[in-house]
$ cat final_12.cif   # mmCIF, C-alpha atoms
data_entry
loop_
_atom_site.group_PDB
_atom_site.id
_atom_site.type_symbol
_atom_site.label_atom_id
_atom_site.label_comp_id
_atom_site.auth_asym_id
_atom_site.auth_seq_id
_atom_site.Cartn_x
_atom_site.Cartn_y
_atom_site.Cartn_z
ATOM 1 C CA MET A 206 -7.225 31.270 13.851
ATOM 2 C CA ASN A 207 -4.734 33.906 15.062
ATOM 3 C CA LEU A 208 -0.961 33.829 14.618
ATOM 4 C CA ASN A 209 -0.248 32.732 18.202
ATOM 5 C CA ILE A 210 -2.474 29.672 17.859
ATOM 6 C CA LEU A 211 -0.831 28.821 14.540
ATOM 7 C CA LEU A 212 2.605 29.063 16.139
ATOM 8 C CA VAL A 213 1.543 26.874 19.064
ATOM 9 C CA ALA A 214 0.092 24.317 16.642
ATOM 10 C CA PHE A 215 3.346 24.335 14.684
ATOM 11 C CA VAL A 216 5.461 23.841 17.793
ATOM 12 C CA VAL A 217 3.236 21.063 19.163
ATOM 13 C CA CYS A 218 3.256 19.361 15.785
ATOM 14 C CA GLY A 219 7.039 19.527 15.786
ATOM 15 C CA LEU A 220 7.305 18.164 19.314
ATOM 16 C CA LEU A 221 4.901 15.304 18.718
ATOM 17 C CA GLY A 222 6.221 14.509 15.270
ATOM 18 C CA ALA A 223 2.704 13.975 13.966
ATOM 19 C CA CYS A 224 3.133 16.163 10.877
ATOM 20 C CA GLN A 225 3.675 14.919 7.352
ATOM 21 C CA GLY A 226 7.008 13.077 7.416
ATOM 22 C CA GLY A 227 7.507 13.767 11.114
ATOM 23 C CA GLN A 228 11.039 12.966 12.230
ATOM 24 C CA LEU A 229 11.688 9.881 10.145
ATOM 25 C CA ARG A 230 15.301 9.263 9.279
ATOM 26 C CA LYS A 231 17.633 6.700 7.813
ATOM 27 C CA ASN A 232 18.858 3.966 10.184
ATOM 28 C CA PHE A 233 16.722 5.147 13.102
ATOM 29 C CA TYR A 234 17.574 1.951 15.034
ATOM 30 C CA ARG A 235 21.333 2.138 14.440
ATOM 31 C CA SER A 236 22.151 2.491 18.147
ATOM 32 C CA THR A 237 19.089 0.916 19.811
ATOM 33 C CA CYS A 238 18.771 -2.211 17.643
ATOM 34 C CA PRO A 239 21.578 -2.325 15.060
ATOM 35 C CA SER A 240 20.419 -5.582 13.457
ATOM 36 C CA ALA A 241 16.750 -4.546 13.153
ATOM 37 C CA GLU A 242 16.639 -4.026 9.401
ATOM 38 C CA GLU A 243 18.704 -7.158 8.755
ATOM 39 C CA ILE A 244 16.281 -9.210 10.859
ATOM 40 C CA VAL A 245 13.285 -7.793 8.973
ATOM 41 C CA ARG A 246 14.904 -8.579 5.631
ATOM 42 C CA ASN A 247 15.970 -12.111 6.571
ATOM 43 C CA VAL A 248 12.584 -13.131 7.965
ATOM 44 C CA THR A 249 10.748 -11.505 5.052
ATOM 45 C CA TRP A 250 12.937 -13.146 2.406
ATOM 46 C CA ASN A 251 12.547 -16.497 4.130
ATOM 47 C CA HIS A 252 8.764 -16.219 3.830
ATOM 48 C CA VAL A 253 8.814 -14.912 0.244
ATOM 49 C CA SER A 254 11.108 -17.734 -0.874
ATOM 50 C CA SER A 255 8.291 -20.185 -0.161
ATOM 51 C CA ASN A 256 5.369 -17.859 -1.039
ATOM 52 C CA PRO A 257 5.964 -15.696 -4.135
ATOM 53 C CA ASN A 258 2.528 -14.065 -3.698
ATOM 54 C CA LEU A 259 3.658 -12.238 -0.561
ATOM 55 C CA PRO A 260 5.245 -9.122 -2.123
ATOM 56 C CA ALA A 261 1.919 -7.978 -3.595
ATOM 57 C CA LYS A 262 0.143 -8.687 -0.325
ATOM 58 C CA LEU A 263 2.599 -6.854 1.940
ATOM 59 C CA LEU A 264 2.846 -3.892 -0.443
ATOM 60 C CA ARG A 265 -0.952 -3.609 -0.483
ATOM 61 C CA MET A 266 -1.106 -3.888 3.305
ATOM 62 C CA HIS A 267 1.396 -1.033 3.655
ATOM 63 C CA PHE A 268 -0.629 1.113 1.234
ATOM 64 C CA HIS A 269 -3.878 0.418 3.101
ATOM 65 C CA ASP A 270 -2.166 1.199 6.392
ATOM 66 C CA CYS A 271 -0.789 4.553 5.235
ATOM 67 C CA PHE A 272 -4.086 5.759 3.771
ATOM 68 C CA VAL A 273 -5.902 5.353 7.090
ATOM 69 C CA ARG A 274 -4.539 7.440 9.992
ATOM 70 C CA GLY A 275 -1.162 7.503 8.268
ATOM 71 C CA CYS A 276 1.538 4.813 8.368
ATOM 72 C CA ASP A 277 0.926 3.848 12.000
ATOM 73 C CA GLY A 278 0.352 0.088 11.846
ATOM 74 C CA SER A 279 -3.361 0.538 12.602
ATOM 75 C CA VAL A 280 -4.260 -1.959 9.859
ATOM 76 C CA LEU A 281 -2.531 -4.665 11.899
ATOM 77 C CA LEU A 282 -4.772 -4.327 14.969
ATOM 78 C CA ASN A 283 -7.433 -6.956 15.627
ATOM 79 C CA SER A 284 -11.032 -6.052 16.397
ATOM 80 C CA THR A 285 -12.072 -6.209 20.036
ATOM 81 C CA ALA A 286 -15.379 -6.701 21.837
ATOM 82 C CA ASN A 287 -15.878 -2.923 21.772
ATOM 83 C CA ASN A 288 -14.415 -2.009 18.389
ATOM 84 C CA THR A 289 -14.389 -3.257 14.805
ATOM 85 C CA ALA A 290 -10.910 -2.570 13.433
ATOM 86 C CA GLU A 291 -9.692 -1.557 9.956
ATOM 87 C CA LYS A 292 -8.658 -5.149 9.337
ATOM 88 C CA ASP A 293 -12.334 -6.174 9.222
ATOM 89 C CA ALA A 294 -13.458 -3.436 6.801
ATOM 90 C CA ALA A 295 -14.560 -4.663 3.363
ATOM 91 C CA PRO A 296 -11.487 -3.328 1.476
ATOM 92 C CA ASN A 297 -9.190 -5.166 3.891
ATOM 93 C CA LEU A 298 -10.883 -8.555 4.099
ATOM 94 C CA SER A 299 -8.616 -9.905 1.346
ATOM 95 C CA LEU A 300 -5.400 -8.658 2.996
ATOM 96 C CA ALA A 301 -2.895 -11.373 3.869
ATOM 97 C CA GLY A 302 0.594 -11.656 5.306
ATOM 98 C CA PHE A 303 -0.201 -10.698 8.887
ATOM 99 C CA ASN A 304 1.615 -13.856 10.018
ATOM 100 C CA VAL A 305 4.811 -12.558 8.414
ATOM 101 C CA ILE A 306 4.596 -9.298 10.363
ATOM 102 C CA ASP A 307 3.981 -11.255 13.576
ATOM 103 C CA ASP A 308 6.984 -13.497 12.867
ATOM 104 C CA ILE A 309 9.227 -10.489 12.273
ATOM 105 C CA LYS A 310 7.971 -8.823 15.443
ATOM 106 C CA GLU A 311 8.630 -11.927 17.514
ATOM 107 C CA ASN A 312 12.205 -12.100 16.228
ATOM 108 C CA LEU A 313 12.768 -8.421 16.956
ATOM 109 C CA GLU A 314 11.257 -8.619 20.440
ATOM 110 C CA ASN A 315 13.638 -11.477 21.246
ATOM 111 C CA LYS A 316 16.598 -9.358 20.132
ATOM 112 C CA CYS A 317 15.542 -5.813 21.090
ATOM 113 C CA PRO A 318 12.365 -5.828 23.203
ATOM 114 C CA GLY A 319 10.148 -2.762 22.966
ATOM 115 C CA ILE A 320 12.270 -0.948 20.383
ATOM 116 C CA VAL A 321 11.028 -1.488 16.807
ATOM 117 C CA SER A 322 7.522 -0.372 15.881
ATOM 118 C CA CYS A 323 5.061 -2.476 13.933
ATOM 119 C CA ALA A 324 4.556 0.477 11.575
ATOM 120 C CA ASP A 325 8.254 0.397 10.672
ATOM 121 C CA ILE A 326 8.186 -3.396 10.377
ATOM 122 C CA LEU A 327 5.374 -3.174 7.826
ATOM 123 C CA ALA A 328 7.125 -0.421 5.826
ATOM 124 C CA LEU A 329 10.381 -2.402 5.769
ATOM 125 C CA ALA A 330 8.741 -5.762 5.027
ATOM 126 C CA ALA A 331 6.808 -4.275 2.095
ATOM 127 C CA ARG A 332 10.082 -2.985 0.621
ATOM 128 C CA ASP A 333 12.029 -6.166 1.344
ATOM 129 C CA SER A 334 9.381 -8.511 -0.035
ATOM 130 C CA VAL A 335 9.234 -6.668 -3.379
ATOM 131 C CA SER A 336 13.049 -6.468 -3.419
ATOM 132 C CA PHE A 337 13.492 -10.235 -2.974
ATOM 133 C CA GLN A 338 13.517 -10.999 -6.713
ATOM 134 C CA PHE A 339 16.321 -8.438 -7.217
ATOM 135 C CA LYS A 340 18.319 -9.365 -4.085
ATOM 136 C CA ARG A 341 18.798 -5.649 -3.383
ATOM 137 C CA SER A 342 16.674 -2.915 -1.821
ATOM 138 C CA LEU A 343 14.519 -1.156 -4.424
ATOM 139 C CA TRP A 344 13.843 1.920 -2.299
ATOM 140 C CA LYS A 345 15.024 3.435 0.954
ATOM 141 C CA VAL A 346 12.760 3.239 3.979
ATOM 142 C CA LEU A 347 13.138 6.016 6.506
ATOM 143 C CA THR A 348 12.325 4.762 9.997
ATOM 144 C CA GLY A 349 11.211 6.096 13.362
ATOM 145 C CA ARG A 350 7.454 5.570 13.056
ATOM 146 C CA ARG A 351 5.472 4.896 16.214
ATOM 147 C CA ASP A 352 2.410 2.666 16.440
ATOM 148 C CA GLY A 353 -1.093 4.064 16.577
ATOM 149 C CA THR A 354 -3.618 2.919 19.184
ATOM 150 C CA ILE A 355 -6.831 3.500 17.205
ATOM 151 C CA SER A 356 -8.205 1.376 14.368
ATOM 152 C CA ARG A 357 -11.762 1.852 13.097
ATOM 153 C CA THR A 358 -13.419 -0.001 10.235
ATOM 154 C CA ARG A 359 -15.376 3.123 9.235
ATOM 155 C CA GLU A 360 -12.170 5.068 8.611
ATOM 156 C CA ALA A 361 -10.894 2.374 6.257
ATOM 157 C CA LEU A 362 -14.096 2.640 4.233
ATOM 158 C CA ILE A 363 -13.755 6.421 4.044
ATOM 159 C CA ASN A 364 -10.047 6.625 3.185
ATOM 160 C CA ILE A 365 -8.996 3.646 1.042
ATOM 161 C CA PRO A 366 -9.619 4.466 -2.648
ATOM 162 C CA PRO A 367 -11.929 1.806 -4.133
ATOM 163 C CA PRO A 368 -11.221 0.184 -7.528
ATOM 164 C CA ALA A 369 -14.288 1.861 -9.086
ATOM 165 C CA PHE A 370 -12.970 5.417 -8.549
ATOM 166 C CA ASN A 371 -12.715 7.738 -11.554
ATOM 167 C CA PHE A 372 -9.742 10.038 -12.118
ATOM 168 C CA THR A 373 -11.187 13.044 -10.280
ATOM 169 C CA GLN A 374 -11.952 10.921 -7.219
ATOM 170 C CA LEU A 375 -8.495 9.335 -7.271
ATOM 171 C CA LYS A 376 -6.790 12.705 -7.608
ATOM 172 C CA GLN A 377 -8.769 14.121 -4.667
ATOM 173 C CA ARG A 378 -8.114 11.096 -2.438
ATOM 174 C CA PHE A 379 -4.379 11.143 -3.119
ATOM 175 C CA ALA A 380 -4.252 14.929 -2.662
ATOM 176 C CA SER A 381 -5.864 14.477 0.764
ATOM 177 C CA LYS A 382 -2.743 12.486 1.684
ATOM 178 C CA ASN A 383 -0.391 15.103 0.194
ATOM 179 C CA LEU A 384 0.305 12.883 -2.813
ATOM 180 C CA THR A 385 0.320 14.215 -6.370
ATOM 181 C CA VAL A 386 -1.111 12.925 -9.654
ATOM 182 C CA HIS A 387 2.433 11.806 -10.427
ATOM 183 C CA ASP A 388 2.463 9.739 -7.214
ATOM 184 C CA LEU A 389 -0.942 8.321 -8.144
ATOM 185 C CA VAL A 390 0.248 7.047 -11.525
ATOM 186 C CA VAL A 391 3.583 5.800 -10.164
ATOM 187 C CA LEU A 392 2.082 3.975 -7.178
ATOM 188 C CA SER A 393 -0.596 2.432 -9.407
ATOM 189 C CA GLY A 394 2.339 0.629 -10.997
ATOM 190 C CA SER A 395 2.316 -1.658 -7.955
ATOM 191 C CA HIS A 396 -0.528 -3.415 -9.783
ATOM 192 C CA THR A 397 2.207 -5.086 -11.807
ATOM 193 C CA ILE A 398 2.118 -7.758 -9.087
ATOM 194 C CA GLY A 399 -0.830 -9.448 -7.436
ATOM 195 C CA VAL A 400 -4.403 -10.344 -8.272
ATOM 196 C CA GLY A 401 -7.858 -8.800 -8.239
ATOM 197 C CA HIS A 402 -11.024 -10.598 -7.190
ATOM 198 C CA CYS A 403 -14.013 -10.711 -9.531
ATOM 199 C CA PRO A 404 -16.294 -8.421 -7.468
ATOM 200 C CA THR A 405 -13.755 -5.585 -7.777
ATOM 201 C CA PHE A 406 -14.121 -5.365 -11.571
ATOM 202 C CA SER A 407 -17.013 -7.582 -12.783
ATOM 203 C CA ASN A 408 -19.372 -4.606 -13.044
ATOM 204 C CA ARG A 409 -17.160 -3.494 -15.957
ATOM 205 C CA LEU A 410 -18.079 -6.743 -17.692
ATOM 206 C CA TYR A 411 -21.778 -7.075 -16.955
ATOM 207 C CA ASN A 412 -23.357 -3.915 -15.569
ATOM 208 C CA PHE A 413 -21.156 -0.896 -16.140
ATOM 209 C CA THR A 414 -23.873 1.786 -16.182
ATOM 210 C CA GLY A 415 -26.603 -0.278 -14.533
ATOM 211 C CA LYS A 416 -28.053 -1.389 -17.869
ATOM 212 C CA GLY A 417 -26.388 -4.773 -18.204
ATOM 213 C CA ASP A 418 -23.624 -3.297 -20.364
ATOM 214 C CA GLN A 419 -19.855 -3.583 -20.672
ATOM 215 C CA ASP A 420 -17.301 -0.818 -20.063
ATOM 216 C CA PRO A 421 -16.534 0.474 -23.574
ATOM 217 C CA SER A 422 -13.032 1.538 -22.521
ATOM 218 C CA LEU A 423 -12.066 -2.084 -21.762
ATOM 219 C CA ASN A 424 -10.247 -4.001 -24.511
ATOM 220 C CA ALA A 425 -12.955 -6.244 -26.020
ATOM 221 C CA THR A 426 -10.712 -9.314 -26.340
ATOM 222 C CA TYR A 427 -9.539 -8.914 -22.756
ATOM 223 C CA ALA A 428 -13.147 -8.440 -21.584
ATOM 224 C CA ALA A 429 -14.110 -11.714 -23.270
ATOM 225 C CA PHE A 430 -11.226 -13.444 -21.468
ATOM 226 C CA LEU A 431 -12.262 -11.949 -18.117
ATOM 227 C CA LYS A 432 -15.792 -13.225 -18.631
ATOM 228 C CA THR A 433 -14.425 -16.773 -18.831
ATOM 229 C CA LYS A 434 -12.769 -16.207 -15.451
ATOM 230 C CA CYS A 435 -15.727 -14.414 -13.825
ATOM 231 C CA PRO A 436 -18.842 -15.881 -15.481
ATOM 232 C CA SER A 437 -21.280 -13.750 -13.498
ATOM 233 C CA LEU A 438 -21.653 -10.907 -11.026
ATOM 234 C CA ASN A 439 -22.221 -13.557 -8.368
ATOM 235 C CA ASP A 440 -18.649 -14.914 -8.468
ATOM 236 C CA THR A 441 -17.054 -13.658 -5.256
ATOM 237 C CA THR A 442 -14.087 -16.030 -4.937
ATOM 238 C CA THR A 443 -12.201 -16.177 -8.258
ATOM 239 C CA SER A 444 -9.109 -14.005 -8.682
ATOM 240 C CA VAL A 445 -7.401 -12.753 -11.844
ATOM 241 C CA GLU A 446 -3.852 -11.487 -12.415
ATOM 242 C CA MET A 447 -3.671 -7.693 -12.513
ATOM 243 C CA ASP A 448 -0.719 -7.850 -14.927
ATOM 244 C CA PRO A 449 -1.612 -10.857 -17.143
ATOM 245 C CA GLY A 450 1.152 -13.448 -17.343
ATOM 246 C CA SER A 451 3.520 -11.437 -15.141
ATOM 247 C CA SER A 452 1.783 -11.067 -11.777
ATOM 248 C CA LEU A 453 4.776 -12.280 -9.745
ATOM 249 C CA LYS A 454 7.356 -10.082 -11.486
ATOM 250 C CA PHE A 455 7.810 -6.486 -10.394
ATOM 251 C CA ASP A 456 8.358 -4.605 -13.662
ATOM 252 C CA THR A 457 6.792 -2.081 -16.049
ATOM 253 C CA GLY A 458 4.321 -4.602 -17.461
ATOM 254 C CA TYR A 459 1.404 -2.793 -15.824
ATOM 255 C CA TYR A 460 1.893 0.283 -18.009
ATOM 256 C CA ALA A 461 2.195 -1.750 -21.209
ATOM 257 C CA THR A 462 -1.022 -3.543 -20.273
ATOM 258 C CA LEU A 463 -2.728 -0.259 -19.431
ATOM 259 C CA LYS A 464 -1.867 1.268 -22.815
ATOM 260 C CA GLN A 465 -3.599 -1.722 -24.450
ATOM 261 C CA HIS A 466 -6.734 -0.824 -22.434
ATOM 262 C CA LYS A 467 -6.335 -3.970 -20.358
ATOM 263 C CA GLY A 468 -6.216 -2.303 -16.950
ATOM 264 C CA LEU A 469 -8.218 -4.587 -14.660
ATOM 265 C CA PHE A 470 -9.896 -1.970 -12.483
ATOM 266 C CA GLN A 471 -11.875 1.111 -13.375
ATOM 267 C CA SER A 472 -9.287 3.040 -11.340
ATOM 268 C CA ASP A 473 -6.568 1.712 -13.669
ATOM 269 C CA ALA A 474 -8.430 2.727 -16.813
ATOM 270 C CA ALA A 475 -9.095 6.124 -15.218
ATOM 271 C CA LEU A 476 -5.405 7.026 -15.544
ATOM 272 C CA LEU A 477 -5.854 7.248 -19.319
ATOM 273 C CA THR A 478 -8.801 9.662 -19.057
ATOM 274 C CA ASN A 479 -6.580 12.587 -18.013
ATOM 275 C CA LYS A 480 -3.977 13.905 -20.419
ATOM 276 C CA GLY A 481 -1.356 14.610 -17.777
ATOM 277 C CA ALA A 482 -1.744 11.193 -16.158
ATOM 278 C CA ALA A 483 -1.732 9.458 -19.557
ATOM 279 C CA ASN A 484 1.561 11.176 -20.385
ATOM 280 C CA ILE A 485 3.060 9.852 -17.152
ATOM 281 C CA VAL A 486 1.833 6.341 -18.038
ATOM 282 C CA GLN A 487 3.727 6.699 -21.316
ATOM 283 C CA GLU A 488 6.941 7.776 -19.563
ATOM 284 C CA LEU A 489 6.859 4.984 -16.978
ATOM 285 C CA GLY A 490 7.153 2.294 -19.624
ATOM 286 C CA ASP A 491 10.896 2.829 -19.255
ATOM 287 C CA ASN A 492 12.255 0.435 -16.638
ATOM 288 C CA ASP A 493 14.854 2.752 -15.090
ATOM 289 C CA LYS A 494 12.415 5.653 -14.986
ATOM 290 C CA PHE A 495 9.753 3.559 -13.245
ATOM 291 C CA PHE A 496 12.092 2.141 -10.607
ATOM 292 C CA THR A 497 13.496 5.590 -9.816
ATOM 293 C CA GLU A 498 10.077 7.228 -9.597
ATOM 294 C CA PHE A 499 8.530 4.358 -7.643
ATOM 295 C CA ALA A 500 11.287 4.590 -5.036
ATOM 296 C CA GLN A 501 10.619 8.310 -4.550
ATOM 297 C CA SER A 502 6.835 7.944 -4.354
ATOM 298 C CA MET A 503 7.141 5.121 -1.812
ATOM 299 C CA VAL A 504 9.200 7.374 0.462
ATOM 300 C CA ARG A 505 6.487 10.043 0.202
ATOM 301 C CA MET A 506 3.706 7.545 0.854
ATOM 302 C CA GLY A 507 5.621 6.066 3.776
ATOM 303 C CA ALA A 508 5.693 9.486 5.445
ATOM 304 C CA ILE A 509 1.928 10.105 5.456
ATOM 305 C CA GLU A 510 0.793 11.429 8.855
ATOM 306 C CA VAL A 511 3.379 9.394 10.748
ATOM 307 C CA LEU A 512 3.586 9.330 14.527
ATOM 308 C CA THR A 513 7.090 9.955 15.850
ATOM 309 C CA GLY A 514 8.833 11.078 19.011
ATOM 310 C CA THR A 515 6.592 10.318 21.986
ATOM 311 C CA SER A 516 3.335 9.990 20.019
ATOM 312 C CA GLY A 517 1.701 6.574 19.908
ATOM 313 C CA GLU A 518 3.567 3.598 21.324
ATOM 314 C CA ILE A 519 5.781 0.642 20.415
ATOM 315 C CA ARG A 520 3.458 -2.358 20.490
ATOM 316 C CA SER A 521 4.621 -5.626 22.020
ATOM 317 C CA LYS A 522 2.283 -7.527 19.701
ATOM 318 C CA CYS A 523 1.398 -5.991 16.362
ATOM 319 C CA TRP A 524 -2.215 -7.134 16.556
ATOM 320 C CA ALA A 525 -3.029 -5.484 19.887
ATOM 321 C CA VAL A 526 -2.409 -2.190 21.653
ATOM 322 C CA ASN A 527 -0.304 -2.377 24.787
ATOM 323 C CA SER A 528 -2.182 -2.792 28.045
ATOM 324 C CA ASN A 529 -1.217 -0.027 30.462
#

$ encode --input "final_12.cif" --output "structure tokens"
Amino acid sequence: MNLNILLVAFVVCGLLGACQGGQLRKNFYRSTCPSAEEIVRNVTWNHVSSNPNLPAKLLRMHFHDCFVRGCDGSVLLNSTANNTAEKDAAPNLSLAGFNVIDDIKENLENKCPGIVSCADILALAARDSVSFQFKRSLWKVLTGRRDGTISRTREALINIPPPAFNFTQLKQRFASKNLTVHDLVVLSGSHTIGVGHCPTFSNRLYNFTGKGDQDPSLNATYAAFLKTKCPSLNDTTTSVEMDPGSSLKFDTGYYATLKQHKGLFQSDAALLTNKGAANIVQELGDNDKFFTEFAQSMVRMGAIEVLTGTSGEIRSKCWAVNSN
């Protein structure tokens, strides 16, 4: 590729805002919809007040959105007669909270029609839902994302890191999104809230290497407990807390659990197999350190391959592209 083509690519990228981070900024809707972020927070907090499981679900949805085509709201789109969307890919079948996003969108459309993107709504709702227990925002969300118009189940399968990944695979997948090992360990801390379903970890209990064995890196007492929850590889419905006894509280409990070799997923345990990552796990046991680092990593994740400027669109309904 010659220099002229590189320069053209750079200029086009700048104009379309499709590069890493694009043109996101603080208070993007200050003049076009001044109450946008307040509306998102109020609707989100109203839902979380009656469903304390929502923070984990909305945070996971945001993560799954950003890892496929960037943070463009593509995970929110429904499948159509001609296309199976990300939402219907295996890693996303257990996602929940779409009704909250739809409720927020409806409120925003009533106040400021055609202004606030679904991608921004999801990024803000993820932050606000986790922040509910603290009654203050835990991290800043830069806004100005536009909504994507493409959502393919195959791309979700290719891009979302599965719970059986080892450290090398995790590092490569995060690097492909311009995220570091530090981001990987910090963002894994989101497993301090929420649950995991038996099929995502039961191979560690019953068939780790294909010989009917147990993962030797898993705490034996914890493994015995998990076996009472998931009595066989055939259990596809039971769920288990990812941070035992503290799955509704956003804190540093995940790292304490991990150091006891009680990480639920293989991808959790993998963080201890690399010296650098294990050192970061040690550091993040400090509450202030974790909250500071998590806030920074969420900003970086929220900027993955965003659409800004005139790219994409502002959907009227978050579950469907606009009809031209």

$ atom_distance --input "final_12.cif" --atom1 "CA of Ser502 in chain A" --atom2 "CA of Asn304 in chain A"
26.6 Å

$ closest_residue --input "final_12.cif" --among "A:Glu360, A:Glu446, A:Asp307, A:Glu518" --to "Thr249 in chain A" --atoms "all atoms listed in the file"
A:Asp307

$ resolve_selection --input "final_12.cif" --expression "the PyMOL selection byres ((chain A and resi 337) around 9)" --output "PDB file with C-alpha atoms, in the frame of the given file"
ATOM      1  CA  ARG A 246      14.904  -8.579   5.631  1.00  0.00           C
ATOM      2  CA  THR A 249      10.748 -11.505   5.052  1.00  0.00           C
ATOM      3  CA  TRP A 250      12.937 -13.146   2.406  1.00  0.00           C
ATOM      4  CA  VAL A 253       8.814 -14.912   0.244  1.00  0.00           C
ATOM      5  CA  SER A 254      11.108 -17.734  -0.874  1.00  0.00           C
ATOM      6  CA  PRO A 260       5.245  -9.122  -2.123  1.00  0.00           C
ATOM      7  CA  ARG A 332      10.082  -2.985   0.621  1.00  0.00           C
ATOM      8  CA  ASP A 333      12.029  -6.166   1.344  1.00  0.00           C
ATOM      9  CA  SER A 334       9.381  -8.511  -0.035  1.00  0.00           C
ATOM     10  CA  VAL A 335       9.234  -6.668  -3.379  1.00  0.00           C
ATOM     11  CA  SER A 336      13.049  -6.468  -3.419  1.00  0.00           C
ATOM     12  CA  GLN A 338      13.517 -10.999  -6.713  1.00  0.00           C
ATOM     13  CA  PHE A 339      16.321  -8.438  -7.217  1.00  0.00           C
ATOM     14  CA  LYS A 340      18.319  -9.365  -4.085  1.00  0.00           C
ATOM     15  CA  ARG A 341      18.798  -5.649  -3.383  1.00  0.00           C
ATOM     16  CA  SER A 342      16.674  -2.915  -1.821  1.00  0.00           C
TER      17      SER A 342
END

$ atom_distance --input "final_12.cif" --atom1 "CA of Gly415 in chain A" --atom2 "CA of Ser299 in chain A"
25.9 Å

$ resolve_selection --input "final_12.cif" --expression "the PyMOL selection byres ((chain A and resi 469) around 8)" --output "MDAnalysis selection string"
chainID A and resid 401 406 447 467:468 470:471 473:474

$ closest_residue --input "final_12.cif" --among "A:Ser279, A:Asn408, A:Ser472, A:Ser452" --to "Leu259 in chain A" --atoms "all atoms listed in the file"
A:Ser452
